[in-house]
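Peer 1: For reference, the file protein_10.cif (mmCIF, C-alpha atoms) is included below:
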data_work
#
loop_
_atom_site.label_atom_id
_atom_site.label_comp_id
_atom_site.auth_asym_id
_atom_site.auth_seq_id
_atom_site.Cartn_x
_atom_site.Cartn_y
_atom_site.Cartn_z
CA MET O 1 -15.89 -6.00 -53.28
CA SER O 2 -12.30 -4.89 -52.83
CA THR O 3 -9.54 -7.32 -51.94
CA ALA O 4 -8.80 -5.53 -48.64
CA SER O 5 -12.39 -5.73 -47.43
CA ALA O 6 -12.65 -9.36 -48.47
CA THR O 7 -9.59 -10.45 -46.52
CA THR O 8 -10.14 -8.35 -43.39
CA PRO O 9 -11.67 -10.50 -40.61
CA SER O 10 -15.03 -9.16 -39.45
CA GLY O 11 -14.00 -9.68 -35.82
CA THR O 12 -10.87 -7.51 -36.01
CA PRO O 13 -12.36 -4.51 -34.12
CA ARG O 14 -13.49 -6.79 -31.31
CA ARG O 15 -10.08 -8.45 -31.10
CA LEU O 16 -8.39 -5.06 -31.09
CA LEU O 17 -10.65 -3.86 -28.29
CA ALA O 18 -10.03 -7.06 -26.32
CA VAL O 19 -6.25 -6.59 -26.55
CA VAL O 20 -6.43 -2.90 -25.66
CA VAL O 21 -8.61 -3.59 -22.60
CA LEU O 22 -7.33 -6.95 -21.39
CA VAL O 23 -3.60 -6.19 -21.41
CA PRO O 24 -3.85 -3.16 -19.06
CA LEU O 25 -6.34 -5.09 -16.93
CA LEU O 26 -3.93 -8.01 -16.52
CA ALA O 27 -1.07 -5.60 -15.80
CA ALA O 28 -3.13 -3.88 -13.11
CA LEU O 29 -4.12 -7.24 -11.60
CA ALA O 30 -0.51 -8.41 -11.52
CA LEU O 31 0.66 -5.15 -9.96
CA TRP O 32 -2.05 -5.37 -7.30
CA ALA O 33 -1.29 -9.02 -6.53
CA PHE O 34 2.46 -8.48 -6.14
CA ALA O 35 2.73 -4.89 -4.87
CA TRP O 36 -0.20 -4.64 -2.46
CA PRO O 37 0.85 -7.45 -0.08
CA ALA O 38 4.45 -6.22 -0.18
CA ALA O 39 3.39 -2.66 0.63
CA ARG O 40 1.21 -3.83 3.53
CA THR O 41 3.70 -6.21 5.13
CA ALA O 42 3.36 -6.02 8.92
CA PRO O 43 2.84 -8.45 11.83
CA ARG O 44 -0.76 -9.56 12.30
CA ASP O 45 -1.44 -11.82 15.28
CA LEU O 46 2.08 -13.16 14.98
CA PRO O 47 2.48 -16.07 17.46
CA LEU O 48 4.96 -14.97 20.15
CA GLY O 49 5.75 -16.67 23.42
CA VAL O 50 6.27 -15.14 26.86
CA ALA O 51 7.90 -17.23 29.59
CA GLY O 52 8.52 -16.57 33.27
CA PRO O 53 6.63 -15.61 36.41
CA ALA O 54 3.45 -13.62 35.75
CA ALA O 55 4.65 -10.65 37.78
CA ALA O 56 7.92 -10.50 35.84
CA THR O 57 6.34 -10.84 32.38
CA ALA O 58 3.57 -8.28 32.95
CA GLN O 59 5.80 -5.42 31.85
CA VAL O 60 6.84 -7.33 28.72
CA GLU O 61 3.24 -8.03 27.79
CA ALA O 62 2.32 -4.39 28.34
CA GLN O 63 5.13 -3.35 25.99
CA LEU O 64 4.02 -5.82 23.33
CA ALA O 65 0.39 -4.70 23.69
CA ARG O 66 1.41 -1.29 22.40
CA HIS O 67 1.73 -2.92 18.98
CA GLU O 68 -2.03 -3.38 18.69
CA GLY O 69 -2.99 -6.51 16.76
CA ALA O 70 0.63 -7.36 15.99
CA PHE O 71 1.22 -10.31 18.33
CA GLU O 72 -0.68 -13.33 19.55
CA ILE O 73 0.76 -14.04 23.00
CA HIS O 74 1.38 -17.63 24.14
CA HIS O 75 2.37 -18.22 27.78
CA PHE O 76 4.99 -20.76 28.83
CA ALA O 77 6.25 -21.78 32.24
CA ASP O 78 9.98 -21.49 31.56
CA GLU O 79 12.68 -21.14 28.94
CA ALA O 80 12.74 -24.86 28.11
CA ALA O 81 9.05 -24.86 27.24
CA ALA O 82 9.47 -21.71 25.17
CA ARG O 83 12.40 -23.24 23.26
CA ASP O 84 10.35 -26.33 22.50
CA ALA O 85 7.55 -24.15 21.15
CA VAL O 86 9.96 -22.30 18.86
CA GLU O 87 11.45 -25.55 17.59
CA ASP O 88 7.96 -27.00 17.02
CA ARG O 89 6.97 -23.88 15.05
CA THR O 90 4.18 -23.10 17.49
CA VAL O 91 5.60 -19.58 17.89
CA TYR O 92 8.09 -17.51 15.90
CA GLY O 93 9.96 -16.47 19.03
CA ALA O 94 9.65 -15.94 22.76
CA VAL O 95 10.59 -13.44 25.45
CA VAL O 96 11.95 -15.17 28.55
CA VAL O 97 12.18 -13.30 31.85
CA SER O 98 14.33 -14.93 34.52
CA ALA O 99 16.71 -14.07 37.35
CA GLN O 100 19.53 -13.83 34.79
CA GLY O 101 17.70 -11.08 32.94
CA PRO O 102 15.41 -10.91 29.89
CA GLU O 103 16.17 -13.03 26.87
CA LEU O 104 14.70 -13.08 23.36
CA LEU O 105 14.46 -16.41 21.55
CA THR O 106 14.14 -16.20 17.77
CA ALA O 107 14.18 -18.60 14.81
CA SER O 108 15.66 -16.93 11.76
CA ALA O 109 15.20 -20.21 9.87
CA ALA O 110 11.42 -19.70 10.16
CA SER O 111 11.68 -16.15 8.84
CA PRO O 112 14.68 -13.79 8.97
CA VAL O 113 12.25 -10.90 8.53
CA VAL O 114 10.27 -11.88 11.63
CA ALA O 115 13.46 -12.46 13.65
CA GLN O 116 14.60 -8.94 12.83
CA LEU O 117 11.15 -7.56 13.60
CA LEU O 118 11.17 -9.16 17.06
CA GLN O 119 14.51 -7.56 17.83
CA GLN O 120 13.10 -4.18 16.86
CA ALA O 121 9.99 -4.73 18.97
CA VAL O 122 11.71 -6.16 22.06
CA VAL O 123 15.44 -5.48 22.17
CA GLN O 124 15.57 -1.89 20.97
CA PRO O 125 12.86 -0.47 23.31
CA ALA O 126 14.47 -2.25 26.25
CA ALA O 127 17.88 -0.85 25.34
CA ALA O 128 16.41 2.65 25.23
CA GLU O 129 15.28 2.14 28.83
CA GLY O 130 18.70 0.85 29.89
CA THR O 131 17.85 -2.86 29.91
CA GLN O 132 19.98 -5.29 27.92
CA VAL O 133 18.09 -8.17 26.30
CA ARG O 134 20.17 -11.12 25.16
CA THR O 135 19.12 -12.62 21.82
CA VAL O 136 19.41 -16.35 21.09
CA ASP O 137 18.72 -17.70 17.62
CA VAL O 138 17.26 -21.10 18.54
CA VAL O 139 16.89 -22.34 14.95
CA ALA O 140 19.26 -20.27 12.86
CA ALA O 141 19.05 -19.86 9.11
CA PRO O 142 21.91 -21.60 7.28
CA ALA O 143 25.12 -19.63 6.99
CA LYS O 144 24.93 -19.81 3.19
CA ASP O 145 21.44 -18.29 3.14
CA PRO O 146 21.14 -16.09 6.25
CA ARG O 147 18.38 -13.93 4.77
CA GLY O 148 16.33 -16.82 3.40
CA ALA O 149 16.59 -15.40 -0.10
CA ALA O 150 17.42 -18.71 -1.78
CA LEU O 151 14.51 -20.55 -0.21
CA SER O 152 11.99 -17.85 -1.12
CA ALA O 153 13.44 -17.69 -4.63
CA SER O 154 12.66 -21.39 -5.13
CA VAL O 155 8.89 -20.76 -5.14
CA LEU O 156 8.71 -19.25 -8.64
CA PRO O 157 10.89 -21.85 -10.42
CA LEU O 158 8.82 -24.68 -8.92
CA ALA O 159 5.62 -23.01 -10.08
CA LEU O 160 7.04 -22.51 -13.57
CA ALA O 161 8.22 -26.13 -13.70
CA GLY O 162 4.77 -27.35 -12.73
CA ILE O 163 3.06 -25.13 -15.30
CA ALA O 164 5.49 -26.25 -18.00
CA ALA O 165 4.97 -29.94 -17.18
CA GLY O 166 1.18 -29.65 -17.15
CA ALA O 167 1.12 -27.69 -20.40
CA ALA O 168 3.58 -30.07 -22.09
CA VAL O 169 1.51 -33.12 -21.19
CA THR O 170 -1.60 -31.43 -22.55
CA VAL O 171 -0.05 -30.17 -25.79
CA SER O 172 1.71 -33.47 -26.47
CA GLY O 173 -1.63 -35.27 -26.48
CA LEU O 174 -0.95 -37.60 -23.55
CA ARG O 175 -4.16 -38.79 -21.94
CA GLY O 176 -5.31 -40.84 -18.98
CA THR O 177 -2.79 -43.02 -17.16
CA ARG O 178 0.00 -42.04 -19.57
CA ALA O 179 -0.51 -38.38 -18.69
CA VAL O 180 -0.51 -39.23 -14.98
CA ALA O 181 2.71 -41.25 -15.34
CA ALA O 182 4.37 -38.40 -17.24
CA LEU O 183 3.37 -35.83 -14.60
CA VAL O 184 4.56 -38.00 -11.70
CA GLY O 185 7.83 -38.88 -13.43
CA ALA O 186 8.60 -35.30 -14.40
CA SER O 187 7.80 -34.03 -10.89
CA ALA O 188 10.04 -36.65 -9.29
CA LEU O 189 12.95 -35.65 -11.51
CA VAL O 190 12.32 -31.96 -10.77
CA GLY O 191 12.38 -32.75 -7.07
CA MET O 192 15.72 -34.54 -7.24
CA ALA O 193 17.25 -31.86 -9.45
CA ALA O 194 16.06 -29.07 -7.13
CA ALA O 195 17.36 -30.84 -4.02
CA GLY O 196 20.65 -31.44 -5.78
CA ILE O 197 21.02 -27.74 -6.50
CA ALA O 198 19.66 -26.26 -3.24
CA ASP O 199 21.12 -28.81 -0.82
CA SER O 200 24.09 -30.59 -2.40
CA TRP O 201 25.48 -27.69 -4.42
CA LEU O 202 24.40 -24.40 -2.82
CA GLY O 203 24.05 -25.74 0.73
CA VAL O 204 21.09 -23.48 1.54
CA LEU O 205 18.98 -26.40 2.79
CA THR O 206 20.18 -28.48 5.72
CA GLY O 207 17.52 -31.15 6.21
CA ASP O 208 17.15 -34.70 4.97
CA TRP O 209 18.01 -34.74 1.25
CA TRP O 210 15.27 -37.15 0.17
CA ALA O 211 12.64 -35.37 2.24
CA GLU O 212 13.56 -32.08 0.55
CA ALA O 213 13.44 -33.75 -2.86
CA GLY O 214 10.00 -35.10 -1.95
CA VAL O 215 8.78 -31.60 -1.07
CA PHE O 216 10.09 -30.16 -4.34
CA GLY O 217 8.54 -33.02 -6.30
CA LEU O 218 5.17 -32.83 -4.53
CA ALA O 219 5.04 -29.05 -5.03
CA THR O 220 5.70 -29.49 -8.75
CA LEU O 221 3.10 -32.26 -9.02
CA ALA O 222 0.48 -30.12 -7.27
CA VAL O 223 0.88 -27.38 -9.88
CA SER O 224 1.33 -29.63 -12.93
CA GLY O 225 -1.66 -31.75 -11.91
CA ALA O 226 -3.84 -28.65 -11.56
CA VAL O 227 -2.78 -27.34 -14.98
CA ALA O 228 -3.21 -30.67 -16.79
CA GLY O 229 -6.40 -31.50 -14.89
CA LEU O 230 -8.18 -28.26 -15.77
CA ALA O 231 -6.98 -28.61 -19.36
CA ALA O 232 -8.42 -32.13 -19.49
CA LEU O 233 -11.80 -30.83 -18.33
CA LEU O 234 -11.97 -27.41 -20.01
CA GLY O 235 -9.60 -27.70 -22.93
CA THR O 236 -6.55 -25.48 -23.50
CA ALA O 237 -8.30 -22.64 -21.65
CA GLY O 238 -7.69 -24.65 -18.49
CA ILE O 239 -3.94 -24.10 -18.88
CA GLY O 240 -4.43 -20.34 -18.75
CA ILE O 241 -6.83 -20.44 -15.81
CA ALA O 242 -4.63 -22.66 -13.64
CA SER O 243 -1.43 -20.87 -14.61
CA GLY O 244 -2.97 -17.47 -13.92
CA ALA O 245 -4.14 -18.52 -10.47
CA ILE O 246 -0.71 -19.93 -9.57
CA MET O 247 1.28 -16.99 -10.92
CA LEU O 248 -0.98 -14.06 -9.96
CA LEU O 249 -2.21 -15.37 -6.60
CA GLY O 250 -0.06 -18.29 -5.47
CA ASN O 251 3.34 -16.64 -5.76
CA PRO O 252 2.68 -13.17 -4.28
CA PHE O 253 0.41 -14.60 -1.58
CA SER O 254 2.87 -17.33 -0.52
CA GLY O 255 4.56 -15.31 2.23
CA ALA O 256 7.84 -17.04 1.37
CA ALA O 257 9.86 -13.85 1.60
CA SER O 258 8.49 -12.92 5.05
CA ALA O 259 5.78 -15.05 6.71
CA PRO O 260 2.07 -15.70 6.12
CA ARG O 261 1.19 -13.73 9.28
CA MET O 262 3.03 -10.74 7.84
CA LEU O 263 0.61 -10.40 4.92
CA PRO O 264 -2.75 -8.63 5.03
CA GLU O 265 -5.77 -10.87 5.54
CA PRO O 266 -7.14 -12.84 3.88
CA VAL O 267 -4.06 -12.91 1.63
CA GLY O 268 -1.93 -14.82 4.13
CA THR O 269 -4.57 -17.52 4.59
CA ILE O 270 -5.36 -17.85 0.89
CA GLY O 271 -1.67 -18.16 0.11
CA GLN O 272 -1.35 -21.21 2.34
CA TRP O 273 -4.20 -22.91 0.48
CA LEU O 274 -2.31 -22.59 -2.82
CA PRO O 275 0.71 -24.73 -3.84
CA PRO O 276 3.43 -22.02 -3.72
CA GLY O 277 2.60 -20.98 -0.16
CA ALA O 278 2.13 -24.53 1.10
CA SER O 279 5.39 -25.64 -0.54
CA ALA O 280 7.39 -22.78 1.01
CA THR O 281 6.03 -23.54 4.48
CA LEU O 282 6.59 -27.28 4.08
CA LEU O 283 10.12 -26.80 2.79
CA ARG O 284 11.06 -24.69 5.83
CA SER O 285 9.67 -27.35 8.16
CA VAL O 286 11.53 -30.18 6.45
CA ALA O 287 14.79 -28.35 5.81
CA TYR O 288 15.25 -26.64 9.19
CA PHE O 289 12.79 -27.97 11.78
CA ASP O 290 12.96 -31.77 11.33
CA GLY O 291 9.45 -31.83 9.88
CA ALA O 292 7.72 -29.87 12.66
CA ALA O 293 4.33 -28.42 11.62
CA ALA O 294 4.60 -30.14 8.24
CA THR O 295 1.25 -31.95 8.28
CA GLY O 296 -0.94 -29.03 7.16
CA PRO O 297 1.04 -27.91 4.10
CA ALA O 298 1.80 -31.52 3.14
CA LEU O 299 -1.93 -32.31 3.08
CA THR O 300 -2.62 -29.17 1.06
CA LEU O 301 -0.13 -30.16 -1.64
CA THR O 302 -1.36 -33.76 -1.61
CA TRP O 303 -4.95 -32.67 -2.17
CA TRP O 304 -3.92 -30.43 -5.06
CA ALA O 305 -1.96 -33.26 -6.66
CA ALA O 306 -4.69 -35.85 -6.10
CA LEU O 307 -7.48 -33.64 -7.42
CA GLY O 308 -5.39 -32.61 -10.42
CA LEU O 309 -4.49 -36.16 -11.39
CA GLY O 310 -8.08 -37.24 -10.77
CA ALA O 311 -9.26 -34.51 -13.15
CA VAL O 312 -6.81 -35.79 -15.78
CA LEU O 313 -8.32 -39.28 -15.56
CA LEU O 314 -11.88 -37.94 -15.46
CA GLY O 315 -11.35 -35.74 -18.49
CA ASN O 316 -9.98 -38.67 -20.46
CA ALA O 317 -12.94 -40.86 -19.45
CA LEU O 318 -15.47 -38.21 -20.52
CA LYS O 319 -13.80 -37.79 -23.90
CA ALA O 320 -13.69 -41.55 -24.41
CA ARG O 321 -17.42 -41.80 -23.67
CA LYS O 322 -18.23 -39.12 -26.23
CA LYS O 323 -16.22 -40.96 -28.89
CA SER O 324 -17.59 -44.43 -28.06
CA PRO O 325 -19.83 -46.09 -30.76
CA ALA O 326 -23.59 -46.27 -30.36
CA PRO O 327 -24.92 -48.98 -28.01
CA ALA O 328 -25.66 -52.38 -29.52
CA ALA O 329 -29.43 -51.89 -29.13
CA GLU O 330 -29.30 -48.79 -31.33
CA ARG O 331 -27.14 -50.53 -33.97
CA GLU O 332 -29.73 -53.32 -34.31
CA LEU O 333 -32.34 -50.76 -35.39
CA VAL O 334 -30.23 -49.74 -38.35
CA PRO O 335 -31.22 -51.71 -41.53
CA ALA O 336 -28.52 -54.17 -42.56
CA GLY O 337 -28.84 -53.52 -46.29
#
For this file, write the structure as structure tokens.
Peer 2:
Amino acid sequence: MSTASATTPSGTPRRLLAVVVLVPLLAALALWAFAWPAARTAPRDLPLGVAGPAAATAQVEAQLARHEGAFEIHHFADEAAARDAVEDRTVYGAVVVSAQGPELLTASAASPVVAQLLQQAVVQPAAAEGTQVRTVDVVAAPAKDPRGAALSASVLPLALAGIAAGAAVTVSGLRGTRAVAALVGASALVGMAAAGIADSWLGVLTGDWWAEAGVFGLATLAVSGAVAGLAALLGTAGIGIASGAIMLLGNPFSGAASAPRMLPEPVGTIGQWLPPGASATLLRSVAYFDGAAATGPALTLTWWAALGLGAVLLGNALKARKKSPAPAAERELVPAG
């Protein structure tokens, strides 16, 4: 037998085929996950308020109905009620018809993309007909981040931090309560560092500092717990599975750059069930809306973190049981000499 044939692994052709097939497949999956939602961005049942007498708002509703399937209309008695709905994140904006003329209420802090879309759908058609619509930004995006670019850009670093923390805990051999303590401690420090950068230094977040730090920390813990938890149950393959789901689905489906209702279904809904989407929505609520509509995304992140940490403890318990010595009754059956 020649030296070359003796040293060549028998599985080399299979490995070569796996690389040749899997790499293009992953590239296609990543391109689909990131490019398809971006290419299909459009309003889908976007919550929009209409306020004023029914006779006066009929024309407005007829105009909005031309955008079939774009808006979900909510009716309010007056401008005050419509403003409250915008500030509570019940709607993204509202058209108010009164004796002073039509008025468009927006909230660029909720989504600059949606605020601009509402102007195109309401203000521009009215101007073409000779009617001036005054626009009021009820909850404006911060002056240092008017397009919301900094907030949406925070989704990927948080996901990467969570993946890195979960993988580091797994590779370092930490198990059980020590692994949980490491994940919680690392996530807390990430939260404070992120709030220090985004709020204290850049000034792109304007809410309560500690609440923002808590959101950053909880988002990191949700991801790191999922990565470490799956690794504890499935081995190192769990790192790849959890990381792939977060990177290939969580980030592009988050709607952070636009809004969940701007993504094709069921992408927008799925994105809010995953940590990146829930963290982006929660951060907007805490940073700009005094915590309005924060319960849903906060519970989503909490469940991810709790299930992940629970999986870490469960995986450690299962491994300890496998390594435990035989029961005393079995040891008595073994001859002493």
Peer 1: In Å to one decimal, how far is CA of Ser152 (chain O) from CA of Met262 (chain O)?
Peer 2: 14.5 Å
Peer 1: Selected by the PyMOL selection byres ((chain O and resi 61) around 12) in the shown coordinates: which residues, as a PyMOL selection string?
Peer 2: chain O and resi 48-60+62-68+71-75+94-97+121-122
Peer 1: How close does each residue of region 143-236 of chain O get to region 294-306 of chain O, giving the shortest atom pair and distance in Å to one decimal for every residue with an atom at most 7 Å away, counting only C-alpha atoms, sorted by chain and residue number, as a Markdown table?
Peer 2:
| residue | atom | partner | partner_atom | distance |
| --- | --- | --- | --- | --- |
| O:Leu218 | CA | O:Leu301 | CA | 6.6 |
| O:Ala219 | CA | O:Leu301 | CA | 6.3 |
| O:Leu221 | CA | O:Ala305 | CA | 5.7 |
| O:Ala222 | CA | O:Ala305 | CA | 4.0 |
| O:Gly225 | CA | O:Ala305 | CA | 5.5 |
| O:Ala226 | CA | O:Trp304 | CA | 6.7 |
Peer 1: Restricting it to C-alpha atoms, dump the selection as a compact mmCIF listing (two decimals), keeping the file's coordinate frame.
Peer 2:
# COMPACT_ATOMS: atom_id res chain seq x y z
CA LEU O 218 5.17 -32.83 -4.53
CA ALA O 219 5.04 -29.05 -5.03
CA LEU O 221 3.10 -32.26 -9.02
CA ALA O 222 0.48 -30.12 -7.27
CA GLY O 225 -1.66 -31.75 -11.91
CA ALA O 226 -3.84 -28.65 -11.56
Peer 1: Would you mind telling me which residue in O:Ala280, O:Ala213, O:Leu118, O:Ala165 lies nearest to Ala193 (chain O) when using only C-alpha atoms?
Peer 2: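 Smallest separation from Ala193 (chain O) among the options: O:Ala213.
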Peer 1: I'd like to see the residues matched by the PyMOL selection byres ((chain O and resi 169) around 10) on this file, and ideally I'd get them as a list of chain:residue names.
Peer 2: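 Expected selection for the PyMOL selection byres ((chain O and resi 169) around 10) here is O:Ala164, O:Ala165, O:Gly166, O:Ala167, O:Ala168, O:Thr170, O:Val171, O:Ser172, O:Gly173, O:Leu174, O:Arg175, O:Arg178, O:Ala179, O:Val180, O:Ala182, O:Leu183, O:Ser224, O:Gly225, O:Val227, O:Ala228, O:Ala231.
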Peer 1: Run the PyMOL selection byres ((chain O and resi 42) around 7) mentally over the shown coordinates, then write out the matched residues as JSON, numbers by chain, using the chain letters and numbers from the document.
Peer 2: {"O": [40, 41, 43, 44, 262, 263]}
Peer 1: What does the structure give for the distance between CA of Ala150 (chain O) and CA of Val204 (chain O), in Å to one decimal?
Peer 2: 6.9 Å
Peer 1: I'd like to know which of O:Gly240, O:Pro24, O:Pro37, O:Pro275 is closest to Arg261 (chain O), using all atoms listed in the file.
Peer 2: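 The answer is O:Pro37, which sits nearest to Arg261 (chain O).
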Peer 1: Looking at O:Ala27, O:Leu22, O:Ala195, O:Val133, which one is nearest to Ala287 (chain O), with distances taken over all atoms listed in the file?
Peer 2: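 Among the listed residues, the smallest separation from Ala287 (chain O) belongs to O:Ala195.
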Peer 1: Just give me the gap between CA of Ile246 (chain O) and CA of Pro260 (chain O) in Å, one decimal is fine.
Peer 2: 16.5 Å
Peer 1: From the options O:Pro146, O:Gly229, O:Gly69, O:Gly291, which residue's atoms come nearest to Leu314 (chain O), counting all atoms listed in the file?
Peer 2: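 Result for the nearest residue to Leu314 (chain O): O:Gly229.
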Peer 1: Restrict the calculation to all atoms listed in the file, then for each residue of region 162-245 of chain O with any atom at most 12 Å from an atom of region 103-115 of chain O give the closest atom pair and their distance in Å to one decimal, rows by chain and rising residue number, as JSON lines.
Peer 2:
{"residue": "O:Val204", "atom": "CA", "partner": "O:Ala109", "partner_atom": "CA", "distance": 10.7}
{"residue": "O:Leu205", "atom": "CA", "partner": "O:Ala109", "partner_atom": "CA", "distance": 10.1}
{"residue": "O:Thr206", "atom": "CA", "partner": "O:Ala109", "partner_atom": "CA", "distance": 10.5}
{"residue": "O:Gly207", "atom": "CA", "partner": "O:Ala109", "partner_atom": "CA", "distance": 11.8}
Peer 1: Considering only C-alpha atoms, state which residue in the set O:Gly185, O:Leu283, O:Ile241, O:Met192 is at the smallest distance from Val215 (chain O).
Peer 2: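 Among O:Gly185, O:Leu283, O:Ile241, O:Met192, it is O:Leu283 that comes nearest to Val215 (chain O).
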Peer 1: Between O:Glu79, O:Tyr92, O:Ala259, O:Ala143, which is the closest to Pro47 (chain O) once you count all atoms listed in the file?
Peer 2: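 Smallest separation from Pro47 (chain O) among the options: O:Tyr92.
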Peer 1: Please return the centre and edge lengths, in Å to one decimal, of a box with edges along x, y and z that contains all listed atoms of region 98-106 of chain O, widened by 4 Å on every side, as AutoDock Vina command-line options.
Peer 2:
--center_x 16.8 --center_y -13.7 --center_z 27.6 --size_x 13.4 --size_y 13.5 --size_z 27.6
Peer 1: Would you mind writing region 312-324 of chain O with N, CA and C atoms, as a PDB file, keeping the file's coordinate frame?
Peer 2:
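In the end it all went to selection_2.pdb:
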ATOM      1  N   VAL O 312      -7.407 -35.283 -14.538  1.00  0.00           N
ATOM      2  CA  VAL O 312      -6.810 -35.790 -15.780  1.00  0.00           C
ATOM      3  C   VAL O 312      -7.494 -37.081 -16.201  1.00  0.00           C
ATOM      4  N   LEU O 313      -7.672 -38.002 -15.258  1.00  0.00           N
ATOM      5  CA  LEU O 313      -8.320 -39.280 -15.560  1.00  0.00           C
ATOM      6  C   LEU O 313      -9.795 -39.079 -15.909  1.00  0.00           C
ATOM      7  N   LEU O 314     -10.472 -38.191 -15.193  1.00  0.00           N
ATOM      8  CA  LEU O 314     -11.880 -37.940 -15.460  1.00  0.00           C
ATOM      9  C   LEU O 314     -12.074 -37.328 -16.841  1.00  0.00           C
ATOM     10  N   GLY O 315     -11.244 -36.361 -17.178  1.00  0.00           N
ATOM     11  CA  GLY O 315     -11.350 -35.740 -18.490  1.00  0.00           C
ATOM     12  C   GLY O 315     -11.159 -36.734 -19.614  1.00  0.00           C
ATOM     13  N   ASN O 316     -10.206 -37.642 -19.440  1.00  0.00           N
ATOM     14  CA  ASN O 316      -9.980 -38.670 -20.460  1.00  0.00           C
ATOM     15  C   ASN O 316     -11.181 -39.606 -20.571  1.00  0.00           C
ATOM     16  N   ALA O 317     -11.779 -39.973 -19.426  1.00  0.00           N
ATOM     17  CA  ALA O 317     -12.940 -40.860 -19.450  1.00  0.00           C
ATOM     18  C   ALA O 317     -14.131 -40.201 -20.135  1.00  0.00           C
ATOM     19  N   LEU O 318     -14.355 -38.912 -19.881  1.00  0.00           N
ATOM     20  CA  LEU O 318     -15.470 -38.210 -20.520  1.00  0.00           C
ATOM     21  C   LEU O 318     -15.282 -38.115 -22.025  1.00  0.00           C
ATOM     22  N   LYS O 319     -14.057 -37.865 -22.461  1.00  0.00           N
ATOM     23  CA  LYS O 319     -13.800 -37.790 -23.900  1.00  0.00           C
ATOM     24  C   LYS O 319     -13.961 -39.151 -24.556  1.00  0.00           C
ATOM     25  N   ALA O 320     -13.539 -40.202 -23.860  1.00  0.00           N
ATOM     26  CA  ALA O 320     -13.690 -41.550 -24.410  1.00  0.00           C
ATOM     27  C   ALA O 320     -15.163 -41.920 -24.544  1.00  0.00           C
ATOM     28  N   ARG O 321     -15.993 -41.489 -23.603  1.00  0.00           N
ATOM     29  CA  ARG O 321     -17.420 -41.800 -23.670  1.00  0.00           C
ATOM     30  C   ARG O 321     -18.073 -41.099 -24.848  1.00  0.00           C
ATOM     31  N   LYS O 322     -17.654 -39.848 -25.107  1.00  0.00           N
ATOM     32  CA  LYS O 322     -18.230 -39.120 -26.230  1.00  0.00           C
ATOM     33  C   LYS O 322     -17.875 -39.770 -27.565  1.00  0.00           C
ATOM     34  N   LYS O 323     -16.675 -40.371 -27.634  1.00  0.00           N
ATOM     35  CA  LYS O 323     -16.220 -40.960 -28.890  1.00  0.00           C
ATOM     36  C   LYS O 323     -16.648 -42.417 -29.045  1.00  0.00           C
ATOM     37  N   SER O 324     -17.226 -43.014 -28.000  1.00  0.00           N
ATOM     38  CA  SER O 324     -17.590 -44.430 -28.060  1.00  0.00           C
ATOM     39  C   SER O 324     -18.713 -44.637 -29.061  1.00  0.00           C
TER      40      SER O 324
END
